[in-house]
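Just structure.cif here, mmCIF, C-alpha atoms:
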data_final
loop_
_atom_site.group_PDB
_atom_site.id
_atom_site.type_symbol
_atom_site.label_atom_id
_atom_site.label_comp_id
_atom_site.auth_asym_id
_atom_site.auth_seq_id
_atom_site.Cartn_x
_atom_site.Cartn_y
_atom_site.Cartn_z
ATOM 1 C CA MET E 1 -16.222 -1.143 16.273
ATOM 2 C CA SER E 2 -13.107 -3.204 15.534
ATOM 3 C CA THR E 3 -9.612 -2.037 16.504
ATOM 4 C CA PHE E 4 -6.329 -2.697 14.685
ATOM 5 C CA PRO E 5 -2.794 -1.373 15.269
ATOM 6 C CA VAL E 6 -2.542 -0.262 11.618
ATOM 7 C CA LEU E 7 -5.046 0.423 8.854
ATOM 8 C CA ILE E 8 -3.670 0.240 5.306
ATOM 9 C CA ILE E 9 -5.885 1.869 2.690
ATOM 10 C CA GLY E 10 -4.940 0.520 -0.714
ATOM 11 C CA ALA E 11 -3.798 -2.920 -1.908
ATOM 12 C CA GLY E 12 -1.425 -1.949 -4.713
ATOM 13 C CA PRO E 13 2.372 -2.393 -4.548
ATOM 14 C CA PHE E 14 2.817 0.101 -1.707
ATOM 15 C CA GLY E 15 0.090 -1.439 0.437
ATOM 16 C CA LEU E 16 1.137 -5.034 -0.235
ATOM 17 C CA SER E 17 4.794 -4.326 0.512
ATOM 18 C CA LEU E 18 3.908 -2.584 3.759
ATOM 19 C CA ALA E 19 1.614 -5.417 4.840
ATOM 20 C CA ALA E 20 4.443 -7.883 4.211
ATOM 21 C CA TYR E 21 6.819 -5.764 6.290
ATOM 22 C CA LEU E 22 4.361 -5.468 9.197
ATOM 23 C CA GLY E 23 3.600 -9.165 9.095
ATOM 24 C CA ARG E 24 7.300 -10.019 9.336
ATOM 25 C CA CYS E 25 7.472 -7.729 12.388
ATOM 26 C CA HIS E 26 4.358 -9.312 13.934
ATOM 27 C CA ILE E 27 2.457 -6.041 13.844
ATOM 28 C CA GLY E 28 -1.267 -6.446 13.325
ATOM 29 C CA TYR E 29 -2.937 -4.587 10.488
ATOM 30 C CA LEU E 30 -6.085 -4.414 8.396
ATOM 31 C CA MET E 31 -5.677 -3.832 4.667
ATOM 32 C CA ILE E 32 -8.575 -2.454 2.648
ATOM 33 C CA GLY E 33 -8.521 -2.509 -1.138
ATOM 34 C CA LYS E 34 -8.761 -4.467 -4.360
ATOM 35 C CA PRO E 35 -5.325 -5.641 -5.535
ATOM 36 C CA ALA E 36 -6.572 -6.726 -8.968
ATOM 37 C CA LEU E 37 -7.298 -3.096 -9.836
ATOM 38 C CA PHE E 38 -3.617 -2.223 -9.923
ATOM 39 C CA TRP E 39 -2.644 -4.421 -12.822
ATOM 40 C CA LYS E 40 -6.040 -4.419 -14.550
ATOM 41 C CA VAL E 41 -6.718 -0.680 -14.364
ATOM 42 C CA CYS E 42 -3.649 1.202 -13.151
ATOM 43 C CA SER E 43 -0.939 -0.392 -15.229
ATOM 44 C CA HIS E 44 -2.973 -0.572 -18.452
ATOM 45 C CA GLY E 45 -1.579 -4.068 -19.014
ATOM 46 C CA ALA E 46 2.052 -2.983 -18.711
ATOM 47 C CA LEU E 47 2.689 -5.410 -15.842
ATOM 48 C CA LEU E 48 1.413 -8.579 -17.448
ATOM 49 C CA ALA E 49 5.050 -9.514 -18.017
ATOM 50 C CA LEU E 50 7.425 -10.139 -15.129
ATOM 51 C CA ALA E 51 11.019 -9.143 -14.378
ATOM 52 C CA SER E 52 13.236 -10.332 -11.535
ATOM 53 C CA ASP E 53 13.342 -6.938 -9.811
ATOM 54 C CA TRP E 54 9.562 -6.406 -9.910
ATOM 55 C CA HIS E 55 9.077 -7.890 -6.479
ATOM 56 C CA LEU E 56 7.162 -6.689 -3.424
ATOM 57 C CA ASP E 57 9.117 -8.066 -0.477
ATOM 58 C CA PRO E 58 11.016 -5.358 1.456
ATOM 59 C CA HIS E 59 12.944 -8.159 3.206
ATOM 60 C CA GLY E 60 14.012 -9.714 -0.097
ATOM 61 C CA VAL E 61 12.677 -13.202 0.661
ATOM 62 C CA ASP E 62 9.599 -13.815 -1.487
ATOM 63 C CA THR E 63 10.973 -12.307 -4.656
ATOM 64 C CA VAL E 64 10.168 -12.999 -8.286
ATOM 65 C CA ASP E 65 13.146 -15.370 -8.458
ATOM 66 C CA ALA E 66 11.813 -17.226 -5.409
ATOM 67 C CA TYR E 67 8.400 -17.427 -7.078
ATOM 68 C CA ARG E 68 9.906 -18.865 -10.244
ATOM 69 C CA GLN E 69 11.904 -21.387 -8.293
ATOM 70 C CA ALA E 70 8.855 -22.426 -6.283
ATOM 71 C CA GLN E 71 6.815 -22.856 -9.430
ATOM 72 C CA ASN E 72 9.693 -24.639 -11.176
ATOM 73 C CA THR E 73 9.554 -22.061 -13.932
ATOM 74 C CA ALA E 74 12.109 -19.915 -15.711
ATOM 75 C CA SER E 75 11.657 -16.955 -18.004
ATOM 76 C CA ASN E 76 13.506 -18.724 -20.844
ATOM 77 C CA ARG E 77 11.173 -21.719 -20.920
ATOM 78 C CA PRO E 78 8.180 -21.142 -23.235
ATOM 79 C CA GLU E 79 5.932 -23.544 -21.338
ATOM 80 C CA SER E 80 6.336 -21.448 -18.165
ATOM 81 C CA ARG E 81 5.275 -18.127 -19.611
ATOM 82 C CA ALA E 82 1.567 -18.636 -18.924
ATOM 83 C CA CYS E 83 2.283 -18.290 -15.189
ATOM 84 C CA ASP E 84 5.213 -15.915 -15.551
ATOM 85 C CA SER E 85 3.276 -12.698 -15.038
ATOM 86 C CA PHE E 86 2.925 -10.078 -12.352
ATOM 87 C CA PRO E 87 -0.669 -11.070 -11.412
ATOM 88 C CA HIS E 88 0.417 -14.685 -10.842
ATOM 89 C CA TYR E 89 3.354 -13.520 -8.740
ATOM 90 C CA VAL E 90 1.108 -11.274 -6.627
ATOM 91 C CA ARG E 91 -1.336 -14.084 -5.904
ATOM 92 C CA TRP E 92 1.589 -16.314 -4.867
ATOM 93 C CA PHE E 93 3.024 -13.465 -2.751
ATOM 94 C CA GLN E 94 -0.285 -12.960 -0.945
ATOM 95 C CA LYS E 95 -0.474 -16.650 -0.066
ATOM 96 C CA ARG E 96 3.167 -16.805 1.033
ATOM 97 C CA LYS E 97 2.772 -13.778 3.275
ATOM 98 C CA GLN E 98 -0.756 -14.727 4.340
ATOM 99 C CA LEU E 99 -1.966 -11.261 3.457
ATOM 100 C CA GLU E 100 -5.656 -10.758 4.123
ATOM 101 C CA ILE E 101 -7.344 -8.003 2.155
ATOM 102 C CA LEU E 102 -10.908 -6.824 2.629
ATOM 103 C CA PRO E 103 -12.425 -5.522 -0.642
ATOM 104 C CA TRP E 104 -14.255 -2.685 1.086
ATOM 105 C CA ASN E 105 -14.389 1.006 0.221
ATOM 106 C CA VAL E 106 -13.349 3.553 2.834
ATOM 107 C CA GLU E 107 -15.781 6.445 2.963
ATOM 108 C CA ARG E 108 -14.113 8.687 5.518
ATOM 109 C CA VAL E 109 -11.237 8.763 8.008
ATOM 110 C CA ALA E 110 -11.649 11.035 11.013
ATOM 111 C CA PRO E 111 -9.477 11.780 14.082
ATOM 112 C CA GLN E 112 -10.881 10.757 17.447
ATOM 113 C CA HIS E 113 -9.068 10.991 20.797
ATOM 114 C CA GLU E 114 -5.476 10.472 19.552
ATOM 115 C CA ARG E 115 -6.551 7.779 17.121
ATOM 116 C CA PHE E 116 -8.471 7.520 13.859
ATOM 117 C CA VAL E 117 -11.844 6.040 13.021
ATOM 118 C CA ALA E 118 -12.385 4.876 9.463
ATOM 119 C CA THR E 119 -15.943 4.458 8.250
ATOM 120 C CA MET E 120 -16.600 2.046 5.404
ATOM 121 C CA GLN E 121 -19.346 2.369 2.826
ATOM 122 C CA ASN E 122 -20.985 -0.705 4.326
ATOM 123 C CA GLY E 123 -21.207 1.041 7.688
ATOM 124 C CA GLU E 124 -18.379 -0.840 9.392
ATOM 125 C CA GLN E 125 -16.052 1.275 11.526
ATOM 126 C CA ILE E 126 -12.391 0.619 12.269
ATOM 127 C CA ALA E 127 -10.442 2.325 15.059
ATOM 128 C CA THR E 128 -6.662 2.563 14.783
ATOM 129 C CA PRO E 129 -3.737 4.678 15.989
ATOM 130 C CA ASN E 130 -2.011 4.403 12.589
ATOM 131 C CA VAL E 131 -3.429 4.999 9.111
ATOM 132 C CA VAL E 132 -1.394 4.507 5.944
ATOM 133 C CA VAL E 133 -2.887 5.879 2.731
ATOM 134 C CA ALA E 134 -1.350 3.673 0.036
ATOM 135 C CA THR E 135 -3.875 4.118 -2.712
ATOM 136 C CA CYS E 136 -3.100 4.135 -6.424
ATOM 137 C CA PHE E 137 -3.933 7.405 -8.146
ATOM 138 C CA HIS E 138 -5.097 5.952 -11.468
ATOM 139 C CA ALA E 139 -7.203 3.192 -9.960
ATOM 140 C CA CYS E 140 -9.062 4.951 -7.174
ATOM 141 C CA GLY E 141 -8.797 8.675 -7.863
ATOM 142 C CA HIS E 142 -6.672 9.493 -4.818
ATOM 143 C CA ALA E 143 -3.555 11.352 -5.819
ATOM 144 C CA GLY E 144 -1.133 9.876 -3.284
ATOM 145 C CA CYS E 145 0.170 12.854 -1.337
ATOM 146 C CA ARG E 146 -1.668 15.357 -3.512
ATOM 147 C CA ALA E 147 -4.582 17.074 -1.764
ATOM 148 C CA SER E 148 -7.009 16.446 -4.614
ATOM 149 C CA GLU E 149 -10.787 16.517 -4.225
ATOM 150 C CA PRO E 150 -11.049 12.699 -3.800
ATOM 151 C CA PHE E 151 -8.216 12.881 -1.283
ATOM 152 C CA LYS E 152 -10.087 15.569 0.643
ATOM 153 C CA THR E 153 -13.210 13.442 0.539
ATOM 154 C CA LEU E 154 -11.367 10.514 2.125
ATOM 155 C CA LEU E 155 -9.629 12.446 4.884
ATOM 156 C CA GLY E 156 -11.972 15.377 5.269
ATOM 157 C CA ASP E 157 -11.327 18.986 6.182
ATOM 158 C CA ASP E 158 -10.920 18.130 9.872
ATOM 159 C CA ILE E 159 -7.750 16.150 9.104
ATOM 160 C CA LEU E 160 -6.403 18.271 6.262
ATOM 161 C CA ALA E 161 -6.740 21.401 8.411
ATOM 162 C CA ARG E 162 -4.305 19.862 10.909
ATOM 163 C CA MET E 163 -1.695 18.829 8.344
ATOM 164 C CA SER E 164 1.044 20.894 6.788
ATOM 165 C CA VAL E 165 0.210 21.469 3.111
ATOM 166 C CA HIS E 166 2.173 23.450 0.528
ATOM 167 C CA ASP E 167 0.921 24.194 -2.999
ATOM 168 C CA GLY E 168 -1.680 21.456 -2.716
ATOM 169 C CA SER E 169 0.811 18.796 -1.572
ATOM 170 C CA VAL E 170 0.827 17.311 1.909
ATOM 171 C CA ARG E 171 4.258 17.686 3.481
ATOM 172 C CA LEU E 172 5.897 14.360 4.360
ATOM 173 C CA ASP E 173 9.107 13.626 6.226
ATOM 174 C CA GLU E 174 11.653 10.944 5.338
ATOM 175 C CA ARG E 175 9.432 8.274 6.915
ATOM 176 C CA PHE E 176 6.384 9.375 4.898
ATOM 177 C CA ARG E 177 4.792 10.834 8.032
ATOM 178 C CA THR E 178 2.410 13.735 7.784
ATOM 179 C CA SER E 179 2.385 16.417 10.461
ATOM 180 C CA LEU E 180 -0.587 14.606 12.040
ATOM 181 C CA PRO E 181 0.844 11.834 14.281
ATOM 182 C CA GLY E 182 -0.097 8.377 13.093
ATOM 183 C CA LEU E 183 -1.064 9.370 9.556
ATOM 184 C CA PHE E 184 1.260 8.200 6.781
ATOM 185 C CA ILE E 185 1.019 8.616 3.031
ATOM 186 C CA ALA E 186 2.945 6.119 0.925
ATOM 187 C CA ASN E 187 4.814 7.401 -2.105
ATOM 188 C CA SER E 188 2.451 8.384 -4.919
ATOM 189 C CA THR E 189 2.540 6.957 -8.429
ATOM 190 C CA THR E 190 2.398 8.864 -11.676
ATOM 191 C CA GLU E 191 1.832 7.943 -15.285
ATOM 192 C CA GLN E 192 5.597 7.870 -15.880
ATOM 193 C CA ASP E 193 6.069 5.241 -13.155
ATOM 194 C CA PHE E 194 4.516 2.541 -15.297
ATOM 195 C CA GLY E 195 7.199 3.055 -17.910
ATOM 196 C CA GLN E 196 9.788 2.250 -15.221
ATOM 197 C CA PRO E 197 8.215 -0.516 -13.107
ATOM 198 C CA SER E 198 11.561 -1.481 -11.562
ATOM 199 C CA ALA E 199 11.811 1.968 -9.983
ATOM 200 C CA LEU E 200 8.164 1.823 -8.905
ATOM 201 C CA PHE E 201 8.614 -1.458 -7.022
ATOM 202 C CA ALA E 202 11.879 -0.271 -5.515
ATOM 203 C CA ARG E 203 10.041 2.766 -4.128
ATOM 204 C CA ALA E 204 7.244 0.550 -2.825
ATOM 205 C CA ARG E 205 9.725 -1.617 -0.919
ATOM 206 C CA ALA E 206 11.634 1.397 0.384
ATOM 207 C CA SER E 207 8.510 3.181 1.581
ATOM 208 C CA ALA E 208 7.288 -0.028 3.264
ATOM 209 C CA ALA E 209 10.517 -0.290 5.238
ATOM 210 C CA SER E 210 10.495 3.399 6.184
ATOM 211 C CA ILE E 211 6.847 3.471 7.223
ATOM 212 C CA GLY E 212 7.125 0.125 8.977
ATOM 213 C CA GLN E 213 10.091 1.316 11.044
ATOM 214 C CA ALA E 214 8.257 4.509 11.972
ATOM 215 C CA ILE E 215 5.177 2.538 13.054
ATOM 216 C CA ARG E 216 7.308 0.191 15.173
ATOM 217 C CA GLN E 217 8.872 3.177 16.939
ATOM 218 C CA ARG E 218 5.510 4.859 17.397
ATOM 219 C CA MET E 219 3.892 1.744 18.881
ATOM 220 C CA GLN E 220 6.647 1.526 21.496
ATOM 221 C CA THR E 221 5.587 4.935 22.820
ATOM 222 C CA LEU E 222 1.810 4.420 22.800
#
Would you mind giving the structure from this file in C-alpha cells?
Amino acid sequence: MSTFPVLIIGAGPFGLSLAAYLGRCHIGYLMIGKPALFWKVCSHGALLALASDWHLDPHGVDTVDAYRQAQNTASNRPESRACDSFPHYVRWFQKRKQLEILPWNVERVAPQHERFVATMQNGEQIATPNVVVATCFHACGHAGCRASEPFKTLLGDDILARMSVHDGSVRLDERFRTSLPGLFIANSTTEQDFGQPSALFARARASAASIGQAIRQRMQTL
C-alpha cells in the first residue's frame, strides 16, 4: 500500500489547479483521473477556443498569456490558432508544473484509523490523511458536492453517515471541508458553467487556494 499526503480524485480544472497549488507549496500528492475527458466530454467542445482568463494557475504564473508568450503565439495571428486552444494550454501547463496524473479509476474510499484508504479498480490501494474529490459531474457521474448514487458509490455509506448532509447536499465550509476531517470536495460544476468558462476557471483557482491552505494547516497538526 502506497502513502501520499494528499489524494486528488479528478483531473479537470479543479484537480489540476489544486495540484499546481500543492506543488508550489512542496506538498506531495497523487492525482487520479483523465484530464482529456474534461474538454472532450464535459465541455462538449466549448473549450476548444482559448481566452486569457481561462487559466489554471492559482498563483498566476503559468497563465494563458504566459503560454502564448512561450509558444511565440498571439490570438490575432492566424498561423497561431492551431495551437491556441484549451487542450494545448493544458498539456503545456501539465509539463510546466510537472503534474503527474495516473489514469486509474477509484472504486471506493474508506476511513481507516484517522486516514483514508482508496481502492482502485486495478486493486491498488492508496493511504492518505487528505482526500479531495475534484471530479467533473458530466464526465464521471459524480455530482460534486451532491450526494448522488455515483457519489455514494465512491465514498460509501460509512463515510456519508459521518458527514453533515442537508437535502442531499454535503455541507462544506469556506475551505470546502466536509464535517469529516481530511475530506474535501472541490466546487461542483453545472451545465451553466460551460457557458461562462471564465467564472468556472476563477472558481477552480479559488477553490485550489482555499483547499491548499486548509491542507497546509492540517498537515502542521498531524
Taking only residues of segment 83-186 of chain E that have an atom at most 12 Å from an atom of segment 203-211 of chain E, what is each one's shortest atom pair and its distance in Å to one decimal, using only C-alpha atoms, in chain and number order, as a Markdown table?
| residue | atom | partner | partner_atom | distance |
| --- | --- | --- | --- | --- |
| E:Asn130 | CA | E:Ile211 | CA | 10.4 |
| E:Val131 | CA | E:Ile211 | CA | 10.6 |
| E:Val132 | CA | E:Ile211 | CA | 8.4 |
| E:Val133 | CA | E:Ile211 | CA | 11.0 |
| E:Ala134 | CA | E:Ala204 | CA | 9.6 |
| E:Thr135 | CA | E:Ala204 | CA | 11.7 |
| E:Cys136 | CA | E:Ala204 | CA | 11.5 |
| E:Leu172 | CA | E:Ile211 | CA | 11.3 |
| E:Asp173 | CA | E:Ser210 | CA | 10.3 |
| E:Glu174 | CA | E:Ser210 | CA | 7.7 |
| E:Arg175 | CA | E:Ser210 | CA | 5.0 |
| E:Phe176 | CA | E:Ile211 | CA | 6.4 |
| E:Arg177 | CA | E:Ile211 | CA | 7.7 |
| E:Thr178 | CA | E:Ile211 | CA | 11.2 |
| E:Gly182 | CA | E:Ile211 | CA | 10.3 |
| E:Leu183 | CA | E:Ile211 | CA | 10.1 |
| E:Phe184 | CA | E:Ile211 | CA | 7.3 |
| E:Ile185 | CA | E:Ile211 | CA | 8.8 |
| E:Ala186 | CA | E:Ser207 | CA | 6.3 |
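What separates atom CA of Asp84 of chain E from atom CA of Arg68 of chain E is a distance of 7.7 Å.
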May I ask which of the residues E:Ser169, E:Cys25, E:His59, E:Pro181 is the closest one to Glu114 of chain E, counting all atoms listed in the file?
->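 Of all the options, E:Pro181 lies closest to Glu114 of chain E.
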Find the residues around segment 89-94 of chain E up to 7 Å (all atoms listed in the file counted), leave out those fewer than 3 positions away in its own chain, and share them as a ChimeraX atom specification.
-> /E:62,64,67,85-86,97-99
Minimum-distance residue to Ala19 of chain E, chosen among E:Leu155, E:Ile126, E:Leu7, E:Cys83 (using all atoms listed in the file) |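 Among E:Leu155, E:Ile126, E:Leu7, E:Cys83, it is E:Leu7 that comes nearest to Ala19 of chain E.
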To one decimal place, how far is atom CA of Ala11 of chain E from atom CA of Arg171 of chain E in Å?
->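 Going from atom CA of Ala11 of chain E over to atom CA of Arg171 of chain E, I get 22.8 Å.
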Expand the PyMOL selection byres ((chain E and resi 120) around 10) into the individual residues it matches in the shown file, reporting them as an mmCIF file with C-alpha atoms, in the frame of the given file.
data_model
loop_
_atom_site.group_PDB
_atom_site.id
_atom_site.type_symbol
_atom_site.label_atom_id
_atom_site.label_comp_id
_atom_site.auth_asym_id
_atom_site.auth_seq_id
_atom_site.Cartn_x
_atom_site.Cartn_y
_atom_site.Cartn_z
ATOM 1 C CA ILE E 32 -8.575 -2.454 2.648
ATOM 2 C CA TRP E 104 -14.255 -2.685 1.086
ATOM 3 C CA ASN E 105 -14.389 1.006 0.221
ATOM 4 C CA VAL E 106 -13.349 3.553 2.834
ATOM 5 C CA GLU E 107 -15.781 6.445 2.963
ATOM 6 C CA ARG E 108 -14.113 8.687 5.518
ATOM 7 C CA VAL E 109 -11.237 8.763 8.008
ATOM 8 C CA VAL E 117 -11.844 6.040 13.021
ATOM 9 C CA ALA E 118 -12.385 4.876 9.463
ATOM 10 C CA THR E 119 -15.943 4.458 8.250
ATOM 11 C CA GLN E 121 -19.346 2.369 2.826
ATOM 12 C CA ASN E 122 -20.985 -0.705 4.326
ATOM 13 C CA GLY E 123 -21.207 1.041 7.688
ATOM 14 C CA GLU E 124 -18.379 -0.840 9.392
ATOM 15 C CA GLN E 125 -16.052 1.275 11.526
ATOM 16 C CA ILE E 126 -12.391 0.619 12.269
#
Just how far from atom CA of Met1 of chain E is atom CA of Arg96 of chain E, in Å to one decimal?
->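 Interatomic distance, atom CA of Arg96 of chain E to atom CA of Met1 of chain E: 29.2 Å.
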Using all atoms listed in the file, the best pick from E:Gly10, E:Gly156, E:Pro5, E:Pro58 as closest to Phe201 of chain E would be E:Pro58
Nearest residue to Thr63 of chain E from the set E:Arg162, E:Gly23, E:Pro35, E:Ala51 (distances using only C-alpha atoms) =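 Using only C-alpha atoms, the shortest distance to Thr63 of chain E belongs to E:Ala51.
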Residue with the minimum atom-to-atom distance to Ala110 of chain E, picked from E:Thr153, E:Asn72, E:Gln220, E:Gln196 with only C-alpha atoms counted, is E:Thr153
